[in-house]
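Structure file final.txt (compact mmCIF, C-alpha atoms) follows.
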```txt
# COMPACT_ATOMS: atom_id res chain seq x y z
CA MET A 1 10.25 -17.05 23.81
CA THR A 2 8.72 -16.90 20.35
CA ASP A 3 8.28 -14.14 17.84
CA GLU A 4 5.04 -15.60 16.51
CA LYS A 5 2.19 -13.19 15.94
CA VAL A 6 -1.20 -14.10 17.38
CA LEU A 7 -4.50 -12.44 16.57
CA LEU A 8 -7.48 -12.65 18.91
CA MET A 9 -10.51 -11.89 16.77
CA MET A 10 -13.48 -10.80 18.85
CA GLY A 11 -16.96 -10.76 17.41
CA CYS A 12 -20.20 -9.35 18.77
CA PRO A 13 -19.80 -8.91 22.54
CA GLU A 14 -23.37 -9.87 23.33
CA VAL A 15 -22.28 -13.06 25.13
CA PRO A 16 -20.49 -11.97 28.33
CA ILE A 17 -17.66 -14.51 28.48
CA GLN A 18 -15.95 -13.18 25.36
CA THR A 19 -14.39 -10.14 27.05
CA SER A 20 -12.96 -12.00 30.03
CA ILE A 21 -11.62 -14.83 27.89
CA ALA A 22 -10.05 -12.38 25.43
CA LEU A 23 -8.25 -10.59 28.26
CA TYR A 24 -7.18 -13.89 29.79
CA LEU A 25 -5.89 -15.31 26.51
CA SER A 26 -4.10 -12.10 25.60
CA HIS A 27 -2.27 -12.01 28.93
CA LYS A 28 -1.38 -15.71 28.96
CA LEU A 29 -0.17 -15.77 25.35
CA THR A 30 1.85 -12.59 25.92
CA ASN A 31 3.49 -14.23 28.93
CA LEU A 32 4.31 -17.22 26.74
CA GLY A 33 6.22 -14.84 24.48
CA PHE A 34 3.72 -14.37 21.68
CA ASP A 35 3.19 -11.01 20.01
CA VAL A 36 -0.55 -10.65 20.67
CA THR A 37 -2.98 -8.34 18.88
CA VAL A 38 -6.65 -8.15 19.87
CA ALA A 39 -9.09 -7.11 17.15
CA GLY A 40 -12.69 -6.28 17.82
CA THR A 41 -15.82 -4.49 16.77
CA THR A 42 -16.27 -1.02 18.23
CA ALA A 43 -18.40 -2.30 21.12
CA ALA A 44 -16.19 -5.30 21.85
CA SER A 45 -13.11 -3.08 21.85
CA LYS A 46 -14.72 -0.55 24.21
CA LEU A 47 -15.67 -3.30 26.65
CA LEU A 48 -12.10 -4.51 26.60
CA LYS A 49 -10.65 -1.02 26.88
CA VAL A 50 -12.76 -0.13 29.92
CA SER A 51 -11.96 -3.47 31.59
CA ASP A 52 -8.25 -3.04 30.90
CA SER A 53 -7.91 0.72 30.84
CA ASP A 54 -4.13 0.76 31.17
CA GLY A 55 -3.66 -1.88 28.48
CA TYR A 56 -2.05 -4.24 30.93
CA TYR A 57 -3.62 -7.43 29.56
CA ALA A 58 -4.28 -6.43 25.95
CA LYS A 59 -1.37 -4.34 24.75
CA LYS A 60 -2.40 -4.04 21.10
CA LEU A 61 -6.07 -3.35 20.46
CA VAL A 62 -7.16 -2.78 16.86
CA ASP A 63 -10.29 -2.50 14.73
CA LEU A 64 -11.55 -5.81 13.36
CA ASP A 65 -12.54 -4.67 9.86
CA LYS A 66 -9.36 -2.61 9.44
CA THR A 67 -7.29 -5.64 10.41
CA MET A 68 -9.11 -7.82 7.88
CA GLU A 69 -8.43 -5.15 5.26
CA ASP A 70 -4.73 -5.04 6.17
CA ILE A 71 -4.46 -8.83 5.84
CA ILE A 72 -6.27 -8.83 2.49
CA GLU A 73 -3.98 -6.06 1.22
CA LYS A 74 -0.98 -8.02 2.58
CA ARG A 75 0.12 -5.23 4.89
CA THR A 76 0.13 -7.65 7.84
CA ASP A 77 -0.52 -11.26 8.75
CA PHE A 78 -0.46 -13.58 11.73
CA ASP A 79 0.80 -17.04 12.61
CA LYS A 80 -2.13 -17.99 14.79
CA CYS A 81 -5.66 -16.66 15.09
CA PHE A 82 -8.14 -17.32 17.88
CA ALA A 83 -11.55 -16.47 16.43
CA PHE A 84 -14.39 -15.94 18.89
CA MET A 85 -17.85 -16.84 17.61
CA HIS A 86 -21.29 -17.33 19.03
CA ASN A 87 -23.31 -16.57 15.91
CA ASP A 88 -23.24 -17.13 12.16
CA ALA A 89 -21.61 -13.76 11.52
CA GLY A 90 -18.70 -14.59 13.82
CA MET A 91 -18.25 -17.88 11.99
CA THR A 92 -18.38 -16.02 8.67
CA TYR A 93 -15.59 -13.67 9.78
CA ALA A 94 -13.50 -16.66 10.86
CA ALA A 95 -14.11 -18.37 7.49
CA THR A 96 -12.91 -15.20 5.78
CA MET A 97 -9.82 -15.13 7.98
CA SER A 98 -9.15 -18.74 7.09
CA SER A 99 -9.27 -17.82 3.42
CA ILE A 100 -7.16 -14.64 3.48
CA SER A 101 -4.50 -15.48 6.08
CA LYS A 102 -1.79 -18.06 6.55
CA ALA A 103 -2.62 -18.23 10.28
CA LYS A 104 -3.58 -21.46 11.98
CA ILE A 105 -7.15 -20.89 13.12
CA TYR A 106 -8.53 -21.77 16.54
CA SER A 107 -12.30 -21.40 16.55
CA ILE A 108 -13.59 -20.52 20.01
CA VAL A 109 -17.28 -21.41 19.76
CA PHE A 110 -19.40 -20.47 22.75
CA GLY A 111 -22.91 -19.43 23.73
CA ARG A 112 -26.16 -21.36 23.89
CA HIS A 113 -25.99 -22.60 20.30
CA ALA A 114 -22.30 -23.47 20.32
CA GLU A 115 -22.67 -27.10 19.29
CA GLU A 116 -24.95 -26.31 16.33
CA LEU A 117 -22.74 -23.44 15.24
CA ALA A 118 -19.59 -25.56 15.44
CA GLN A 119 -21.18 -28.06 13.08
CA THR A 120 -21.51 -25.39 10.39
CA ILE A 121 -17.75 -24.71 10.32
CA GLU A 122 -16.35 -25.93 7.01
CA PHE A 123 -12.87 -24.43 7.09
CA ASP A 124 -9.76 -26.03 8.54
CA CYS A 125 -9.39 -25.14 12.21
CA GLU A 126 -9.09 -26.44 15.73
CA LYS A 127 -12.44 -26.10 17.47
CA ILE A 128 -12.82 -25.23 21.13
CA VAL A 129 -16.52 -25.55 21.85
CA THR A 130 -18.42 -24.88 25.07
CA PRO A 131 -22.08 -23.83 25.31
CA ASP A 132 -21.33 -21.30 28.05
CA VAL A 133 -22.69 -17.76 28.25
CA HIS A 134 -21.91 -16.27 31.66
CA ASN A 135 -19.42 -18.57 33.33
CA PRO A 136 -16.04 -18.53 31.58
CA VAL A 137 -14.32 -21.19 33.68
CA ARG A 138 -14.99 -24.22 31.48
CA LEU A 139 -13.83 -22.35 28.37
CA LYS A 140 -10.79 -21.03 30.23
CA ASN A 141 -9.87 -24.58 31.23
CA ARG A 142 -10.20 -25.79 27.65
CA LEU A 143 -8.03 -22.95 26.42
CA ASP A 144 -5.41 -23.67 29.09
CA LYS A 145 -4.97 -27.09 27.47
CA VAL A 146 -4.69 -25.54 24.01
CA MET A 147 -2.05 -23.11 25.29
CA GLU A 148 -0.14 -25.97 26.90
CA GLU A 149 0.06 -27.59 23.46
CA ILE A 150 1.07 -24.35 21.78
CA ALA A 151 3.80 -23.71 24.32
CA LYS A 152 5.47 -27.11 23.69
CA MET B 1 -17.14 2.32 8.58
CA SER B 2 -16.91 1.18 4.98
CA CYS B 3 -18.02 3.21 2.01
CA ILE B 4 -21.14 1.05 1.70
CA GLU B 5 -22.74 2.68 4.71
CA GLN B 6 -22.42 6.06 3.04
CA MET B 7 -23.91 4.89 -0.26
CA LYS B 8 -27.53 4.65 -1.33
CA TYR B 9 -28.36 0.98 -0.96
CA THR B 10 -31.44 -1.22 -0.81
CA ILE B 11 -31.69 -3.97 1.79
CA LEU B 12 -33.11 -7.05 0.10
CA LEU B 13 -32.71 -9.37 3.10
CA GLU B 14 -31.49 -8.68 6.61
CA ARG B 15 -30.20 -10.49 9.68
CA ILE B 16 -29.87 -13.89 8.03
CA SER B 17 -27.11 -16.46 7.84
CA PHE B 18 -24.41 -16.10 5.22
CA LYS B 19 -25.60 -19.28 3.52
CA GLU B 20 -29.12 -17.89 3.20
CA ALA B 21 -27.72 -14.68 1.74
CA ARG B 22 -25.70 -16.61 -0.83
CA GLU B 23 -28.72 -18.70 -1.82
CA TYR B 24 -30.86 -15.59 -2.26
CA ILE B 25 -28.29 -14.05 -4.60
CA GLU B 26 -28.03 -17.27 -6.58
CA LYS B 27 -31.79 -17.52 -7.01
CA ASN B 28 -32.65 -13.86 -7.57
CA SER B 29 -29.90 -12.40 -9.75
CA ASP B 30 -29.69 -12.14 -13.51
CA GLU B 31 -26.04 -13.10 -13.41
CA VAL B 32 -24.06 -14.70 -10.56
CA TYR B 33 -20.32 -14.54 -10.11
CA TYR B 34 -18.21 -16.18 -7.43
CA VAL B 35 -15.35 -14.35 -5.78
CA SER B 36 -12.96 -15.07 -2.95
CA PRO B 37 -13.61 -13.81 0.58
CA GLY B 38 -12.04 -10.37 0.85
CA TYR B 39 -12.96 -9.41 -2.73
CA LYS B 40 -13.01 -5.62 -2.88
CA ILE B 41 -16.00 -3.77 -4.31
CA PHE B 42 -16.67 -0.05 -4.63
CA LYS B 43 -14.12 2.13 -2.89
CA ASP B 44 -13.21 0.13 0.16
CA TYR B 45 -15.60 -2.69 0.97
CA TYR B 46 -13.98 -6.09 1.31
CA ILE B 47 -16.60 -8.82 1.25
CA ILE B 48 -16.68 -10.95 4.39
CA GLY B 49 -17.91 -14.41 3.52
CA ILE B 50 -17.70 -18.15 3.42
CA PRO B 51 -16.46 -19.42 0.07
CA PRO B 52 -17.93 -19.53 -2.48
CA VAL B 53 -18.98 -15.89 -2.12
CA ALA B 54 -21.73 -15.06 -4.61
CA VAL B 55 -22.06 -11.61 -6.16
CA GLY B 56 -24.99 -10.99 -8.48
CA SER B 57 -26.23 -8.48 -10.95
CA LYS B 58 -29.84 -7.54 -11.53
CA GLY B 59 -30.10 -5.06 -14.33
CA ASN B 60 -27.51 -2.45 -13.49
CA ALA B 61 -27.61 -3.20 -9.77
CA LEU B 62 -24.88 -5.09 -7.95
CA VAL B 63 -26.30 -7.56 -5.43
CA PHE B 64 -23.92 -8.68 -2.69
CA THR B 65 -23.63 -9.87 0.90
CA TYR B 66 -22.80 -7.59 3.79
CA THR B 67 -21.97 -9.15 7.15
CA LYS B 68 -22.01 -7.34 10.48
CA PRO B 69 -20.72 -9.16 13.58
CA CYS B 70 -23.69 -8.24 15.77
CA HIS B 71 -26.44 -8.27 13.16
CA GLY B 72 -25.73 -11.18 10.84
CA SER B 73 -25.64 -11.11 7.07
CA PHE B 74 -27.57 -8.84 4.76
CA VAL B 75 -28.20 -8.88 1.03
CA LEU B 76 -27.73 -5.38 -0.35
CA SER B 77 -28.33 -3.94 -3.78
CA ILE B 78 -26.67 -0.81 -5.13
CA GLU B 79 -27.46 0.69 -8.50
CA ASN B 80 -25.37 3.60 -9.72
CA GLU B 81 -22.47 4.32 -12.07
CA ASP B 82 -20.10 2.42 -9.82
CA SER B 83 -22.28 -0.69 -9.74
CA ILE B 84 -22.17 -0.82 -13.53
CA LYS B 85 -18.38 -0.62 -13.35
CA GLU B 86 -18.29 -3.40 -10.76
CA ILE B 87 -20.51 -5.65 -12.88
CA ASN B 88 -18.33 -5.03 -15.91
CA ARG B 89 -15.23 -5.80 -13.84
CA LEU B 90 -16.77 -9.13 -12.78
CA ARG B 91 -17.64 -9.95 -16.39
CA GLU B 92 -14.12 -9.11 -17.55
CA SER B 93 -12.61 -11.16 -14.78
CA GLU B 94 -14.70 -14.16 -15.75
CA LYS B 95 -13.72 -13.77 -19.40
CA GLU B 96 -10.05 -13.76 -18.41
CA LYS B 97 -10.61 -16.95 -16.45
CA GLY B 98 -12.37 -18.48 -19.44
CA THR B 99 -15.58 -18.99 -17.49
CA ASP B 100 -18.87 -17.20 -17.58
CA SER B 101 -21.56 -16.07 -15.21
CA VAL B 102 -23.42 -18.89 -13.56
CA LYS B 103 -26.74 -17.60 -14.67
CA LYS B 104 -27.67 -15.55 -17.64
CA ALA B 105 -31.12 -16.90 -18.33
CA LYS B 106 -33.78 -16.69 -15.67
CA THR B 107 -35.42 -20.06 -16.18
CA PRO B 108 -35.35 -22.24 -13.08
CA GLU B 109 -33.82 -25.10 -15.08
CA SER B 110 -30.86 -23.07 -16.26
CA SER B 111 -30.18 -21.57 -12.84
CA ARG B 112 -30.17 -24.93 -11.14
CA ALA B 113 -27.90 -26.54 -13.68
CA SER B 114 -25.49 -23.66 -13.94
CA THR B 115 -25.22 -23.16 -10.19
CA ALA B 116 -24.20 -26.76 -9.73
CA SER B 117 -21.62 -26.53 -12.49
CA TYR B 118 -20.13 -23.40 -11.01
CA GLN B 119 -19.87 -25.00 -7.59
CA ASP B 120 -17.73 -27.64 -9.27
CA LEU B 121 -15.62 -24.93 -10.88
CA TRP B 122 -15.00 -23.41 -7.47
CA LYS B 123 -13.74 -26.72 -6.12
CA ASP B 124 -11.13 -26.88 -8.89
```
Could you write out this file's structure as structure tokens?
Amino acid sequence: MTDEKVLLMMGCPEVPIQTSIALYLSHKLTNLGFDVTVAGTTAASKLLKVSDSDGYYAKKLVDLDKTMEDIIEKRTDFDKCFAFMHNDAGMTYAATMSSISKAKIYSIVFGRHAEELAQTIEFDCEKIVTPDVHNPVRLKNRLDKVMEEIAK
Amino acid sequence: MSCIEQMKYTILLERISFKEAREYIEKNSDEVYYVSPGYKIFKDYYIIGIPPVAVGSKGNALVFTYTKPCHGSFVLSIENEDSIKEINRLRESEKEKGTDSVKKAKTPESSRASTASYQDLWKD
């Protein structure tokens, strides 16, 4: 068991695999003993909430901008942050997180332009990059390996 | 929803990358200041951005980036009593740091030279 706090930072939910991977990661990391919080935009949060209406997989669901504000104002912080991104704005949010938080950042870069987007990342992070849009299996498998390392 | 969305603002550029937004501010402001991501302006807007985050002034208007997860980055301009206060706060902050705005003259030569020098300042 660990008392480490993990933030899953969801961006725009336009690319379908984000919601399923967020639920999967939240559940797996919770089972590993992490204190998991999922932050999202209004739309991303609603997708997650409808998919997991009893909060079985994502127990703590919060607003993304409010969470950023709380970190900036030093009301909270995290040990690890998985930042979802498939566009420049998602990468910009992750860069901000990297600057304001002590968390180790894992950049989950997905979608059709994943490779190009990953190349624009300038902040210190571990990159998990797959150009997938609809099929989450390859990204899930990559994240399984990351979680194996984290659990050691 | 931040206070920005309830204020009277002008959209100068929309749905662009953050880098493009920064470059626009650097090239089109009278004065350019660099702040950390999360810098708070107006009542409750914390700037989301990739360092160095540029904030400009044009006359009495504050020119800044605004990033939305689904829509990309915007360059917004707000001119009111609060924008004057924000510009003065940036000027004071720079004085305390012993630096100055990147750009005070509008000649292309001065903006190019000063932008480069301020990038170096950021690295320090």
_Who sits within 9 Å of A:Pro136, all atoms listed in the file, same chain under 5 positions skipped, as a PyMOL selection string_ = chain A and resi 16-18+20-21+141
*Compute the set of chain A residues within 6 Å of chain B, using all atoms listed in the file, and express it as an MDAnalysis selection string.*
chainID A and resid 11:12 88:90 92 95:96
_Residues near B:Tyr34, cut-off 7 Å, all atoms listed in the file, skip fewer than 5 positions along chain, as a PyMOL selection string_ = chain B and resi 52-55
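Between atom CA of A:Asn87 and atom CA of B:Lys43 there is a distance of 28.1 Å.
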Edge lengths and centre, in Å to one decimal, as JSON: that's what I need for the box along x, y and z that holds all listed atoms of stretch 27-45 of chain A plus 6 Å on each side.
```
{"center_x": -6.1, "center_y": -9.1, "center_z": 22.9, "size_x": 36.6, "size_y": 28.2, "size_z": 24.2}
```
Selection as a compact mmCIF listing (two decimals) with C-alpha atoms, in the frame of the given file: residues within 10 Å of (-33.2, -6.4, -11.0), counting only C-alpha atoms:
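The result, written out as point-v8.txt:
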```txt
# COMPACT_ATOMS: atom_id res chain seq x y z
CA ASN B 28 -32.65 -13.86 -7.57
CA SER B 29 -29.90 -12.40 -9.75
CA ASP B 30 -29.69 -12.14 -13.51
CA GLY B 56 -24.99 -10.99 -8.48
CA SER B 57 -26.23 -8.48 -10.95
CA LYS B 58 -29.84 -7.54 -11.53
CA GLY B 59 -30.10 -5.06 -14.33
CA ASN B 60 -27.51 -2.45 -13.49
CA ALA B 61 -27.61 -3.20 -9.77
CA LEU B 62 -24.88 -5.09 -7.95
CA VAL B 63 -26.30 -7.56 -5.43
CA SER B 77 -28.33 -3.94 -3.78
CA GLU B 79 -27.46 0.69 -8.50
```
*Which is closest to B:Leu90 among B:Tyr9, B:Tyr33, B:Phe74, B:Tyr24, if we use only C-alpha atoms?*
B:Tyr33
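Between atom CA of B:Glu26 and atom CA of B:Ile11 there is a distance of 16.1 Å.
Here atom CA of B:Glu31 and atom CA of B:Met7 stand 22.4 Å from one another.
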_With only C-alpha atoms as the counted atoms, please give the residues lying no more than 9 Å from A:Asp144, apart from itself and same-chain residues fewer than 5 positions off, as a PyMOL selection string._
chain A and resi 25+28+139+149
